[in-house]
Structure formats: structure tokens, C-alpha cells
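S.K.: Below is model-v6.pdb; it holds PDB, C-alpha atoms, pLDDT in the B column.
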ATOM      1  CA  MET Y   1      93.042-103.804  90.716  1.00 43.00           C
ATOM      2  CA  ASP Y   2      89.463-103.292  89.590  1.00 50.00           C
ATOM      3  CA  PHE Y   3      86.999-106.098  89.015  1.00 51.00           C
ATOM      4  CA  LEU Y   4      84.307-105.822  86.391  1.00 51.00           C
ATOM      5  CA  ALA Y   5      81.283-108.025  85.843  1.00 50.00           C
ATOM      6  CA  GLY Y   6      80.173-109.140  82.418  1.00 49.00           C
ATOM      7  CA  ARG Y   7      79.005-112.094  80.361  1.00 43.00           C
ATOM      8  CA  GLN Y   8      80.226-114.437  77.687  1.00 40.00           C
ATOM      9  CA  GLY Y   9      78.302-116.035  74.869  1.00 38.00           C
ATOM     10  CA  ALA Y  10      76.144-119.046  75.801  1.00 38.00           C
ATOM     11  CA  ASN Y  11      76.931-122.585  74.824  1.00 40.00           C
ATOM     12  CA  GLY Y  12      75.036-125.825  75.359  1.00 38.00           C
ATOM     13  CA  CYS Y  13      76.070-129.194  76.869  1.00 41.00           C
ATOM     14  CA  ARG Y  14      74.744-131.383  79.726  1.00 35.00           C
ATOM     15  CA  GLY Y  15      88.331-112.160 106.402  1.00 36.00           C
ATOM     16  CA  THR Y  16      88.012-109.332 104.131  1.00 39.00           C
ATOM     17  CA  ARG Y  17      87.623-105.698 105.090  1.00 39.00           C
ATOM     18  CA  ARG Y  18      84.194-104.378 106.031  1.00 42.00           C
ATOM     19  CA  PRO Y  19      82.687-101.937 103.507  1.00 45.00           C
ATOM     20  CA  SER Y  20      80.506 -99.052 104.573  1.00 47.00           C
ATOM     21  CA  LYS Y  21      76.727 -99.412 104.348  1.00 47.00           C
ATOM     22  CA  VAL Y  22      76.700 -96.727 101.654  1.00 41.00           C
ATOM     23  CA  ALA Y  23      79.316 -98.586  99.599  1.00 49.00           C
ATOM     24  CA  ALA Y  24      77.289-101.780  99.781  1.00 47.00           C
ATOM     25  CA  ARG Y  25      74.173 -99.948  98.584  1.00 46.00           C
ATOM     26  CA  VAL Y  26      76.102 -98.397  95.681  1.00 44.00           C
ATOM     27  CA  TRP Y  27      77.188-101.839  94.526  1.00 49.00           C
ATOM     28  CA  LEU Y  28      73.672-103.204  94.755  1.00 48.00           C
ATOM     29  CA  ALA Y  29      72.305-100.240  92.826  1.00 41.00           C
ATOM     30  CA  LEU Y  30      74.848-100.769  90.086  1.00 47.00           C
ATOM     31  CA  ALA Y  31      73.955-104.441  89.859  1.00 48.00           C
ATOM     32  CA  LEU Y  32      70.213-103.835  89.679  1.00 43.00           C
ATOM     33  CA  VAL Y  33      70.046-100.722  87.515  1.00 38.00           C
ATOM     34  CA  ALA Y  34      72.744-101.754  85.067  1.00 43.00           C
ATOM     35  CA  GLY Y  35      71.300-105.224  84.771  1.00 43.00           C
ATOM     36  CA  TRP Y  36      74.600-106.740  85.875  1.00 44.00           C
ATOM     37  CA  GLY Y  37      76.483-104.989  83.120  1.00 43.00           C
ATOM     38  CA  ALA Y  38      80.049-103.774  83.614  1.00 37.00           C
ATOM     39  CA  TRP Y  39      80.849-102.343  86.996  1.00 37.00           C
ATOM     40  CA  GLN Y  40      83.940-100.999  88.605  1.00 37.00           C
ATOM     41  CA  ALA Y  41      85.022-101.016  92.239  1.00 37.00           C
ATOM     42  CA  ALA Y  42      84.574 -97.781  94.169  1.00 36.00           C
ATOM     43  CA  THR Y  43      87.883 -98.565  95.835  1.00 34.00           C
ATOM     44  CA  ALA Y  44      90.653-100.790  94.568  1.00 35.00           C
ATOM     45  CA  ASP Y  45      92.876-101.456  97.549  1.00 39.00           C
ATOM     46  CA  SER Y  46      93.105-105.200  96.900  1.00 39.00           C
ATOM     47  CA  ALA Y  47      91.896-107.753  94.385  1.00 42.00           C
ATOM     48  CA  SER Y  48      90.054-109.900  96.937  1.00 42.00           C
ATOM     49  CA  TYR Y  49      88.159-106.921  98.389  1.00 46.00           C
ATOM     50  CA  THR Y  50      86.685-105.886  95.067  1.00 66.00           C
ATOM     51  CA  GLU Y  51      86.144-109.435  93.803  1.00 83.00           C
ATOM     52  CA  TYR Y  52      84.053-110.428  96.807  1.00 88.00           C
ATOM     53  CA  GLN Y  53      82.015-107.264  96.767  1.00 87.00           C
ATOM     54  CA  VAL Y  54      81.016-108.249  93.235  1.00 86.00           C
ATOM     55  CA  LYS Y  55      80.308-111.853  94.217  1.00 91.00           C
ATOM     56  CA  ALA Y  56      78.273-110.808  97.261  1.00 92.00           C
ATOM     57  CA  ALA Y  57      76.076-108.577  95.105  1.00 89.00           C
ATOM     58  CA  PHE Y  58      75.742-111.399  92.570  1.00 89.00           C
ATOM     59  CA  LEU Y  59      74.540-113.749  95.314  1.00 93.00           C
ATOM     60  CA  PHE Y  60      71.923-111.207  96.333  1.00 92.00           C
ATOM     61  CA  ASN Y  61      70.762-110.871  92.738  1.00 90.00           C
ATOM     62  CA  LEU Y  62      70.628-114.651  92.315  1.00 93.00           C
ATOM     63  CA  VAL Y  63      68.085-114.688  95.144  1.00 93.00           C
ATOM     64  CA  LYS Y  64      66.022-112.103  93.266  1.00 91.00           C
ATOM     65  CA  PHE Y  65      66.092-114.079  90.011  1.00 92.00           C
ATOM     66  CA  THR Y  66      65.398-117.578  91.371  1.00 94.00           C
ATOM     67  CA  GLU Y  67      62.036-119.181  92.142  1.00 94.00           C
ATOM     68  CA  TRP Y  68      61.895-121.892  94.801  1.00 93.00           C
ATOM     69  CA  PRO Y  69      59.052-124.352  95.405  1.00 88.00           C
ATOM     70  CA  ASP Y  70      56.577-123.013  97.971  1.00 70.00           C
ATOM     71  CA  THR Y  71      57.822-125.348 100.695  1.00 67.00           C
ATOM     72  CA  GLY Y  72      59.391-123.297 103.475  1.00 71.00           C
ATOM     73  CA  LEU Y  73      58.409-119.907 102.060  1.00 81.00           C
ATOM     74  CA  GLU Y  74      54.660-119.943 102.644  1.00 78.00           C
ATOM     75  CA  ASP Y  75      55.039-117.448 105.488  1.00 83.00           C
ATOM     76  CA  GLU Y  76      55.930-114.024 104.097  1.00 79.00           C
ATOM     77  CA  ASP Y  77      58.261-113.399 107.039  1.00 84.00           C
ATOM     78  CA  ALA Y  78      60.139-116.684 106.543  1.00 91.00           C
ATOM     79  CA  PRO Y  79      63.763-115.848 105.720  1.00 94.00           C
ATOM     80  CA  ILE Y  80      65.596-116.767 102.541  1.00 95.00           C
ATOM     81  CA  THR Y  81      68.899-118.153 103.769  1.00 96.00           C
ATOM     82  CA  ILE Y  82      72.280-117.978 102.070  1.00 97.00           C
ATOM     83  CA  GLY Y  83      74.612-120.629 103.437  1.00 98.00           C
ATOM     84  CA  ILE Y  84      78.408-120.566 103.209  1.00 98.00           C
ATOM     85  CA  VAL Y  85      80.170-123.877 103.689  1.00 98.00           C
ATOM     86  CA  GLY Y  86      83.714-124.098 105.011  1.00 96.00           C
ATOM     87  CA  GLU Y  87      86.042-121.101 105.040  1.00 95.00           C
ATOM     88  CA  ASP Y  88      84.143-117.844 104.466  1.00 96.00           C
ATOM     89  CA  PRO Y  89      85.902-115.571 101.909  1.00 95.00           C
ATOM     90  CA  PHE Y  90      83.395-112.710 102.320  1.00 94.00           C
ATOM     91  CA  GLY Y  91      83.825-111.698 105.935  1.00 92.00           C
ATOM     92  CA  GLU Y  92      81.207-109.060 106.729  1.00 92.00           C
ATOM     93  CA  ILE Y  93      80.795-107.982 103.101  1.00 92.00           C
ATOM     94  CA  ILE Y  94      77.950-110.446 102.493  1.00 94.00           C
ATOM     95  CA  ASP Y  95      76.199-109.466 105.757  1.00 95.00           C
ATOM     96  CA  GLU Y  96      76.351-105.791 104.818  1.00 92.00           C
ATOM     97  CA  THR Y  97      75.098-106.531 101.302  1.00 92.00           C
ATOM     98  CA  VAL Y  98      71.888-108.262 102.423  1.00 93.00           C
ATOM     99  CA  ARG Y  99      71.234-106.351 105.627  1.00 93.00           C
ATOM    100  CA  ASP Y 100      67.675-104.936 105.740  1.00 92.00           C
ATOM    101  CA  GLU Y 101      66.983-106.316 102.244  1.00 92.00           C
ATOM    102  CA  ARG Y 102      63.818-108.275 101.409  1.00 92.00           C
ATOM    103  CA  VAL Y 103      62.877-110.319  98.352  1.00 92.00           C
ATOM    104  CA  ASP Y 104      59.132-110.771  97.829  1.00 90.00           C
ATOM    105  CA  GLY Y 105      58.700-109.799 101.453  1.00 91.00           C
ATOM    106  CA  HIS Y 106      61.220-112.331 102.761  1.00 93.00           C
ATOM    107  CA  PRO Y 107      64.211-111.129 104.805  1.00 94.00           C
ATOM    108  CA  ILE Y 108      67.609-112.549 103.849  1.00 95.00           C
ATOM    109  CA  ARG Y 109      69.847-114.288 106.350  1.00 96.00           C
ATOM    110  CA  VAL Y 110      73.408-115.634 106.137  1.00 97.00           C
ATOM    111  CA  HIS Y 111      74.386-118.907 107.797  1.00 97.00           C
ATOM    112  CA  ARG Y 112      77.917-120.297 107.976  1.00 97.00           C
ATOM    113  CA  ALA Y 113      78.868-123.897 108.706  1.00 97.00           C
ATOM    114  CA  ARG Y 114      81.801-126.247 108.278  1.00 95.00           C
ATOM    115  CA  ARG Y 115      79.624-129.256 107.473  1.00 96.00           C
ATOM    116  CA  PRO Y 116      77.324-129.080 104.430  1.00 97.00           C
ATOM    117  CA  SER Y 117      74.744-131.186 106.262  1.00 97.00           C
ATOM    118  CA  GLU Y 118      74.127-128.171 108.519  1.00 97.00           C
ATOM    119  CA  LEU Y 119      73.018-126.111 105.497  1.00 97.00           C
ATOM    120  CA  VAL Y 120      70.373-128.380 103.947  1.00 96.00           C
ATOM    121  CA  SER Y 121      67.597-125.982 104.968  1.00 94.00           C
ATOM    122  CA  CYS Y 122      69.251-123.056 103.164  1.00 95.00           C
ATOM    123  CA  HIS Y 123      67.963-121.732  99.840  1.00 96.00           C
ATOM    124  CA  VAL Y 124      71.398-120.804  98.456  1.00 97.00           C
ATOM    125  CA  VAL Y 125      74.690-122.465  99.385  1.00 98.00           C
ATOM    126  CA  PHE Y 126      78.008-120.933  98.396  1.00 98.00           C
ATOM    127  CA  VAL Y 127      80.969-123.303  98.051  1.00 98.00           C
ATOM    128  CA  PRO Y 128      84.206-121.267  98.206  1.00 97.00           C
ATOM    129  CA  ALA Y 129      87.483-122.122  96.537  1.00 96.00           C
ATOM    130  CA  SER Y 130      88.852-123.375  99.857  1.00 96.00           C
ATOM    131  CA  GLU Y 131      86.508-126.379  99.527  1.00 97.00           C
ATOM    132  CA  ARG Y 132      87.628-127.384  96.020  1.00 95.00           C
ATOM    133  CA  GLY Y 133      88.920-130.705  97.339  1.00 95.00           C
ATOM    134  CA  ARG Y 134      85.476-131.816  98.486  1.00 96.00           C
ATOM    135  CA  VAL Y 135      83.151-130.294  95.877  1.00 97.00           C
ATOM    136  CA  ASP Y 136      81.683-133.681  94.927  1.00 96.00           C
ATOM    137  CA  GLU Y 137      81.075-134.568  98.576  1.00 97.00           C
ATOM    138  CA  ILE Y 138      79.318-131.240  99.190  1.00 97.00           C
ATOM    139  CA  LEU Y 139      77.168-131.422  96.061  1.00 97.00           C
ATOM    140  CA  ASP Y 140      76.070-134.944  96.980  1.00 97.00           C
ATOM    141  CA  VAL Y 141      74.514-133.510 100.164  1.00 97.00           C
ATOM    142  CA  PHE Y 142      72.287-131.168  98.133  1.00 96.00           C
ATOM    143  CA  GLU Y 143      71.430-133.645  95.363  1.00 93.00           C
ATOM    144  CA  GLY Y 144      67.743-133.264  94.469  1.00 91.00           C
ATOM    145  CA  ARG Y 145      67.106-130.624  97.134  1.00 94.00           C
ATOM    146  CA  SER Y 146      65.682-127.208  96.258  1.00 95.00           C
ATOM    147  CA  VAL Y 147      68.999-125.508  96.982  1.00 96.00           C
ATOM    148  CA  LEU Y 148      70.783-123.166  94.584  1.00 97.00           C
ATOM    149  CA  THR Y 149      74.409-124.283  94.777  1.00 98.00           C
ATOM    150  CA  VAL Y 150      76.948-121.600  93.821  1.00 98.00           C
ATOM    151  CA  GLY Y 151      80.692-122.113  93.492  1.00 97.00           C
ATOM    152  CA  GLU Y 152      83.862-120.415  92.307  1.00 96.00           C
ATOM    153  CA  THR Y 153      86.111-123.254  91.146  1.00 95.00           C
ATOM    154  CA  GLU Y 154      86.802-124.577  87.659  1.00 92.00           C
ATOM    155  CA  GLY Y 155      84.371-127.306  86.620  1.00 93.00           C
ATOM    156  CA  PHE Y 156      81.894-126.617  89.441  1.00 96.00           C
ATOM    157  CA  ALA Y 157      78.877-126.363  87.119  1.00 94.00           C
ATOM    158  CA  GLU Y 158      79.913-129.382  85.040  1.00 94.00           C
ATOM    159  CA  ARG Y 159      80.184-131.453  88.233  1.00 94.00           C
ATOM    160  CA  GLY Y 160      76.594-130.717  89.251  1.00 95.00           C
ATOM    161  CA  GLY Y 161      76.704-127.246  90.791  1.00 96.00           C
ATOM    162  CA  ILE Y 162      74.065-124.840  89.485  1.00 96.00           C
ATOM    163  CA  VAL Y 163      75.951-121.523  89.233  1.00 96.00           C
ATOM    164  CA  ASN Y 164      79.689-120.975  89.014  1.00 95.00           C
ATOM    165  CA  PHE Y 165      81.547-117.666  89.283  1.00 93.00           C
ATOM    166  CA  LYS Y 166      84.714-117.396  87.238  1.00 89.00           C
ATOM    167  CA  VAL Y 167      87.136-114.517  86.834  1.00 84.00           C
ATOM    168  CA  VAL Y 168      88.294-113.829  83.273  1.00 81.00           C
ATOM    169  CA  ARG Y 169      90.435-110.779  82.487  1.00 76.00           C
ATOM    170  CA  ARG Y 170      89.380-109.074  85.746  1.00 74.00           C
ATOM    171  CA  LYS Y 171      85.695-109.773  85.042  1.00 78.00           C
ATOM    172  CA  VAL Y 172      83.442-111.950  87.174  1.00 82.00           C
ATOM    173  CA  ARG Y 173      81.304-114.106  84.902  1.00 85.00           C
ATOM    174  CA  MET Y 174      78.703-116.785  85.551  1.00 90.00           C
ATOM    175  CA  GLU Y 175      78.191-120.311  84.266  1.00 92.00           C
ATOM    176  CA  VAL Y 176      74.837-122.038  84.808  1.00 93.00           C
ATOM    177  CA  ASN Y 177      73.889-125.709  84.790  1.00 94.00           C
ATOM    178  CA  LEU Y 178      70.241-125.290  83.841  1.00 92.00           C
ATOM    179  CA  ALA Y 179      69.570-129.031  83.820  1.00 93.00           C
ATOM    180  CA  GLU Y 180      70.680-129.262  87.436  1.00 94.00           C
ATOM    181  CA  ALA Y 181      68.483-126.295  88.381  1.00 94.00           C
ATOM    182  CA  ARG Y 182      65.504-128.089  86.882  1.00 92.00           C
ATOM    183  CA  HIS Y 183      66.474-131.299  88.696  1.00 93.00           C
ATOM    184  CA  ASN Y 184      66.436-129.347  91.977  1.00 93.00           C
ATOM    185  CA  ARG Y 185      63.007-127.870  91.119  1.00 94.00           C
ATOM    186  CA  LEU Y 186      64.362-124.333  90.806  1.00 95.00           C
ATOM    187  CA  LYS Y 187      63.371-121.813  88.155  1.00 93.00           C
ATOM    188  CA  LEU Y 188      65.905-119.245  86.994  1.00 93.00           C
ATOM    189  CA  SER Y 189      64.806-116.007  85.384  1.00 91.00           C
ATOM    190  CA  SER Y 190      65.328-115.725  81.643  1.00 87.00           C
ATOM    191  CA  ARG Y 191      66.850-112.294  82.375  1.00 84.00           C
ATOM    192  CA  LEU Y 192      69.517-114.015  84.436  1.00 83.00           C
ATOM    193  CA  LEU Y 193      70.242-116.603  81.761  1.00 85.00           C
ATOM    194  CA  LYS Y 194      70.931-113.890  79.189  1.00 83.00           C
ATOM    195  CA  LEU Y 195      73.948-112.935  81.303  1.00 77.00           C
ATOM    196  CA  CYS Y 196      75.342-116.433  81.733  1.00 80.00           C
ATOM    197  CA  ASP Y 197      77.027-119.259  79.894  1.00 82.00           C
ATOM    198  CA  VAL Y 198      74.574-122.179  79.906  1.00 79.00           C
ATOM    199  CA  ILE Y 199      76.920-125.088  80.560  1.00 70.00           C
ATOM    200  CA  CYS Y 200      74.259-127.784  80.621  1.00 71.00           C
ATOM    201  CA  GLY Y 201      70.565-127.901  79.853  1.00 61.00           C
ATOM    202  CA  GLU Y 202      70.073-125.690  76.792  1.00 57.00           C
ATOM    203  CA  GLU Y 203      67.196-127.957  75.726  1.00 51.00           C
ATOM    204  CA  ALA Y 204      65.452-127.149  79.012  1.00 44.00           C
ATOM    205  CA  GLU Y 205      65.654-123.462  78.187  1.00 47.00           C
ATOM    206  CA  LYS Y 206      63.902-124.040  74.882  1.00 41.00           C
ATOM    207  CA  ASP Y 207      60.905-125.801  76.419  1.00 42.00           C
ATOM    208  CA  GLU Y 208      60.790-123.370  79.386  1.00 44.00           C
ATOM    209  CA  GLY Y 209      61.603-126.098  81.932  1.00 46.00           C
ATOM    210  CA  GLY Y 210      63.515-124.509  84.791  1.00 57.00           C
ATOM    211  CA  VAL Y 211      63.094-121.006  83.347  1.00 58.00           C
ATOM    212  CA  SER Y 212      60.827-118.171  84.487  1.00 59.00           C
ATOM    213  CA  GLU Y 213      60.223-114.724  83.111  1.00 58.00           C
TER     214      GLU Y 213
END
Would you give me this structure, written as C-alpha cells?
M.R.:
Amino acid sequence: MDFLAGRQGANGCRGTRRPSKVAARVWLALALVAGWGAWQAATADSASYTEYQVKAAFLFNLVKFTEWPDTGLEDEDAPITIGIVGEDPFGEIIDETVRDERVDGHPIRVHRARRPSELVSCHVVFVPASERGRVDEILDVFEGRSVLTVGETEGFAERGGIVNFKVVRRKVRMEVNLAEARHNRLKLSSRLLKLCDVICGEEAEKDEGGVSE
């Protein structure tokens, strides 16, 4: 099965297999050059393999299109850290995707932990579907912190997560809670928002709060 990535119209309200380095670069190139338009898996051996290649590249691009407060990133060599809480659905795919990559001079690191409290210093935290039973508990840990929370379960954005991945007709789409991003002092690129459903915080988009060029 192939997985494609696309967008829906906006609305307003409050151990996988290791890919080759070349394959990872191809996916990143498609994401960047095509502006996250439709993509198709280079191989289609299993649904989870292709789905998590897409999601790994999306996480990398979220780093590129998010602005954090200066705290913790004053040093150009300070890493931007992607945390994964609980059971990791990516395996080595995410490590291959970000290996040797830099964003504004910052290297990207991946940190895995069972307890969300161990990830409070991360810049991005991914909450996989395996943690659906404790989403509220996890989000409470990052309340008000400058952490981009990303999930993949129904209702994640409405419950206070910032970005949610959802699969619709073999396409990975994104929902964004812009109000929560602003609350966490994060700015999301307007280019990113054009590709997302804004679940909450459309008024913030209008007055440029929480939005960057």
C-alpha cells in the first residue's frame, strides 16, 4: 500500500525496517521541493513502513517551520531534540531521516523515553498511538512549555496537542491547534499552516500571533 501526503481545507474552532540513507534523502527531497504536496512511497512492502517514513519526514519539516524562543538555542551548536514518548513506532527510520541534518546551524537529535517528564527539555515531542490512553497525562507535562507536541490519535489537537497526524484515504494529513502553539510561545510558519487544518486558534492566525513567515 502506498501512503500519500496532502491537506484538507482549514476550519476554525478553539520496530520498523531500516531504510537506506539514499531512500531517506529522497523522501526529504520530495517533502521540501514539493512543499509537502502528494508523495508516493519508493517501496510499498507494508503500510506501516511507508506511513512512518512520511511521518518522520513531516517531523523533520516541522522543525524547519517552527520558531522557538531563544532559550536553549543561543549556541549555534546546541541540538534541536525530537523526543518520542513510550513505544517508538519509527525504529531507525527517524534516526536516518535526521542524521547529519542541521536547521539554522543546529544539529537534530532523537531522544526516547517512557516517562514524559524525561523529555521536558526536548523541542518536539511525538506521542504515538500506543500512548492514546494517557494523552491527557502526557500533555499536562508539557503545558505552557516551549515544546511542539505532535500526535497521531483522534482528538489529539482538540485535547491540547499542537499538531496531529491523521491518515485519510491513504493520505497523511495534519491538524494544528494554533492557539496552543501560541500558548507555548511557538511560532509556526504561514507556509506550514496552508497545508493544515487549523483546529483551534484561527483568530490568532489573523492577528499574526503564533505565526511567522
S.K.: Kindly resolve the PyMOL selection byres ((chain Y and resi 108-120) around 8) on the present coordinates and return the residues as a PyMOL selection string.
M.R.: chain Y and resi 79-88+94-95+98-103+106-107+121-122+125+138+141-142+145+147
S.K.: Keeping C-alpha atoms, export the residues of the selection given above as a short mmCIF file (atom, residue, chain, number, x, y, z; two decimals), keeping the file's coordinate frame.
M.R.:
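Listed below is the output, selection-v2.cif:
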data_model
loop_
_atom_site.label_atom_id
_atom_site.label_comp_id
_atom_site.auth_asym_id
_atom_site.auth_seq_id
_atom_site.Cartn_x
_atom_site.Cartn_y
_atom_site.Cartn_z
CA PRO Y 79 63.76 -115.85 105.72
CA ILE Y 80 65.60 -116.77 102.54
CA THR Y 81 68.90 -118.15 103.77
CA ILE Y 82 72.28 -117.98 102.07
CA GLY Y 83 74.61 -120.63 103.44
CA ILE Y 84 78.41 -120.57 103.21
CA VAL Y 85 80.17 -123.88 103.69
CA GLY Y 86 83.71 -124.10 105.01
CA GLU Y 87 86.04 -121.10 105.04
CA ASP Y 88 84.14 -117.84 104.47
CA ILE Y 94 77.95 -110.45 102.49
CA ASP Y 95 76.20 -109.47 105.76
CA VAL Y 98 71.89 -108.26 102.42
CA ARG Y 99 71.23 -106.35 105.63
CA ASP Y 100 67.68 -104.94 105.74
CA GLU Y 101 66.98 -106.32 102.24
CA ARG Y 102 63.82 -108.28 101.41
CA VAL Y 103 62.88 -110.32 98.35
CA HIS Y 106 61.22 -112.33 102.76
CA PRO Y 107 64.21 -111.13 104.80
CA SER Y 121 67.60 -125.98 104.97
CA CYS Y 122 69.25 -123.06 103.16
CA VAL Y 125 74.69 -122.46 99.38
CA ILE Y 138 79.32 -131.24 99.19
CA VAL Y 141 74.51 -133.51 100.16
CA PHE Y 142 72.29 -131.17 98.13
CA ARG Y 145 67.11 -130.62 97.13
CA VAL Y 147 69.00 -125.51 96.98
#
S.K.: Quick one: residues within 12 Å of range 66-78 of chain Y, only C-alpha atoms counted, chain neighbours fewer than 5 positions away excluded, as an NGL selection string?
M.R.: :Y and (59-61 or 102-109 or 121-124 or 145-149 or 162-163 or 178 or 181-182 or 184-193 or 210-213)
S.K.: Store the residues of this selection in a file with C-alpha atoms, as a short mmCIF file (atom, residue, chain, number, x, y, z; two decimals), in the coordinates of the input.
M.R.:
data_model
loop_
_atom_site.label_atom_id
_atom_site.label_comp_id
_atom_site.auth_asym_id
_atom_site.auth_seq_id
_atom_site.Cartn_x
_atom_site.Cartn_y
_atom_site.Cartn_z
CA LEU Y 59 74.54 -113.75 95.31
CA PHE Y 60 71.92 -111.21 96.33
CA ASN Y 61 70.76 -110.87 92.74
CA ARG Y 102 63.82 -108.28 101.41
CA VAL Y 103 62.88 -110.32 98.35
CA ASP Y 104 59.13 -110.77 97.83
CA GLY Y 105 58.70 -109.80 101.45
CA HIS Y 106 61.22 -112.33 102.76
CA PRO Y 107 64.21 -111.13 104.80
CA ILE Y 108 67.61 -112.55 103.85
CA ARG Y 109 69.85 -114.29 106.35
CA SER Y 121 67.60 -125.98 104.97
CA CYS Y 122 69.25 -123.06 103.16
CA HIS Y 123 67.96 -121.73 99.84
CA VAL Y 124 71.40 -120.80 98.46
CA ARG Y 145 67.11 -130.62 97.13
CA SER Y 146 65.68 -127.21 96.26
CA VAL Y 147 69.00 -125.51 96.98
CA LEU Y 148 70.78 -123.17 94.58
CA THR Y 149 74.41 -124.28 94.78
CA ILE Y 162 74.06 -124.84 89.48
CA VAL Y 163 75.95 -121.52 89.23
CA LEU Y 178 70.24 -125.29 83.84
CA ALA Y 181 68.48 -126.30 88.38
CA ARG Y 182 65.50 -128.09 86.88
CA ASN Y 184 66.44 -129.35 91.98
CA ARG Y 185 63.01 -127.87 91.12
CA LEU Y 186 64.36 -124.33 90.81
CA LYS Y 187 63.37 -121.81 88.16
CA LEU Y 188 65.90 -119.24 86.99
CA SER Y 189 64.81 -116.01 85.38
CA SER Y 190 65.33 -115.72 81.64
CA ARG Y 191 66.85 -112.29 82.38
CA LEU Y 192 69.52 -114.02 84.44
CA LEU Y 193 70.24 -116.60 81.76
CA GLY Y 210 63.52 -124.51 84.79
CA VAL Y 211 63.09 -121.01 83.35
CA SER Y 212 60.83 -118.17 84.49
CA GLU Y 213 60.22 -114.72 83.11
#
S.K.: Find, counting only C-alpha atoms, the residue in Y:Gly144, Y:Gly155, Y:Gly133, Y:Pro128 that gets nearest to Phe90 in chain Y.
M.R.: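 Among the listed residues, the smallest separation from Phe90 in chain Y belongs to Y:Pro128.
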S.K.: Report, in Å to a single decimal, how far apart CA of Val167 in chain Y and CA of His183 in chain Y are.
M.R.: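 Rounded to one decimal, the two atoms are 26.7 Å apart.
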S.K.: Pick out the residues sitting within 8 Å of range 158-161 of chain Y, and hand them over as number ranges by chain; count all atoms listed in the file, and ignore anything fewer than 4 positions along from it in its own chain.
M.R.: Y: 14, 136, 139, 149-151, 177, 180, 199-200
S.K.: Write a file of the selected residues as a PDB file, in the coordinates of the input, keeping C-alpha atoms.
M.R.:
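After the write, result-v1.pdb holds the following:
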ATOM      1  CA  ARG Y  14      74.744-131.383  79.726  1.00 35.00           C
ATOM      2  CA  ASP Y 136      81.683-133.681  94.927  1.00 96.00           C
ATOM      3  CA  LEU Y 139      77.168-131.422  96.061  1.00 97.00           C
ATOM      4  CA  THR Y 149      74.409-124.283  94.777  1.00 98.00           C
ATOM      5  CA  VAL Y 150      76.948-121.600  93.821  1.00 98.00           C
ATOM      6  CA  GLY Y 151      80.692-122.113  93.492  1.00 97.00           C
ATOM      7  CA  ASN Y 177      73.889-125.709  84.790  1.00 94.00           C
ATOM      8  CA  GLU Y 180      70.680-129.262  87.436  1.00 94.00           C
ATOM      9  CA  ILE Y 199      76.920-125.088  80.560  1.00 70.00           C
ATOM     10  CA  CYS Y 200      74.259-127.784  80.621  1.00 71.00           C
TER      11      CYS Y 200
END
S.K.: To one decimal place in Å, what is the distance between CA of Ala57 in chain Y and CA of Glu137 in chain Y?
M.R.: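 Distance between the two atoms: 26.7 Å.
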S.K.: Hey, can you check how far CA of Val172 in chain Y sits from CA of Glu51 in chain Y?
M.R.: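 Computed distance, CA of Val172 in chain Y to CA of Glu51 in chain Y, equals 7.6 Å.
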S.K.: Can you work out which one of Y:Val63, Y:Arg173, Y:Glu131, Y:Phe58 has the shortest atom-to-atom distance to Leu195 in chain Y, counting only C-alpha atoms?
M.R.: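 Checking each candidate against Leu195 in chain Y, we get Y:Arg173 as the closest.
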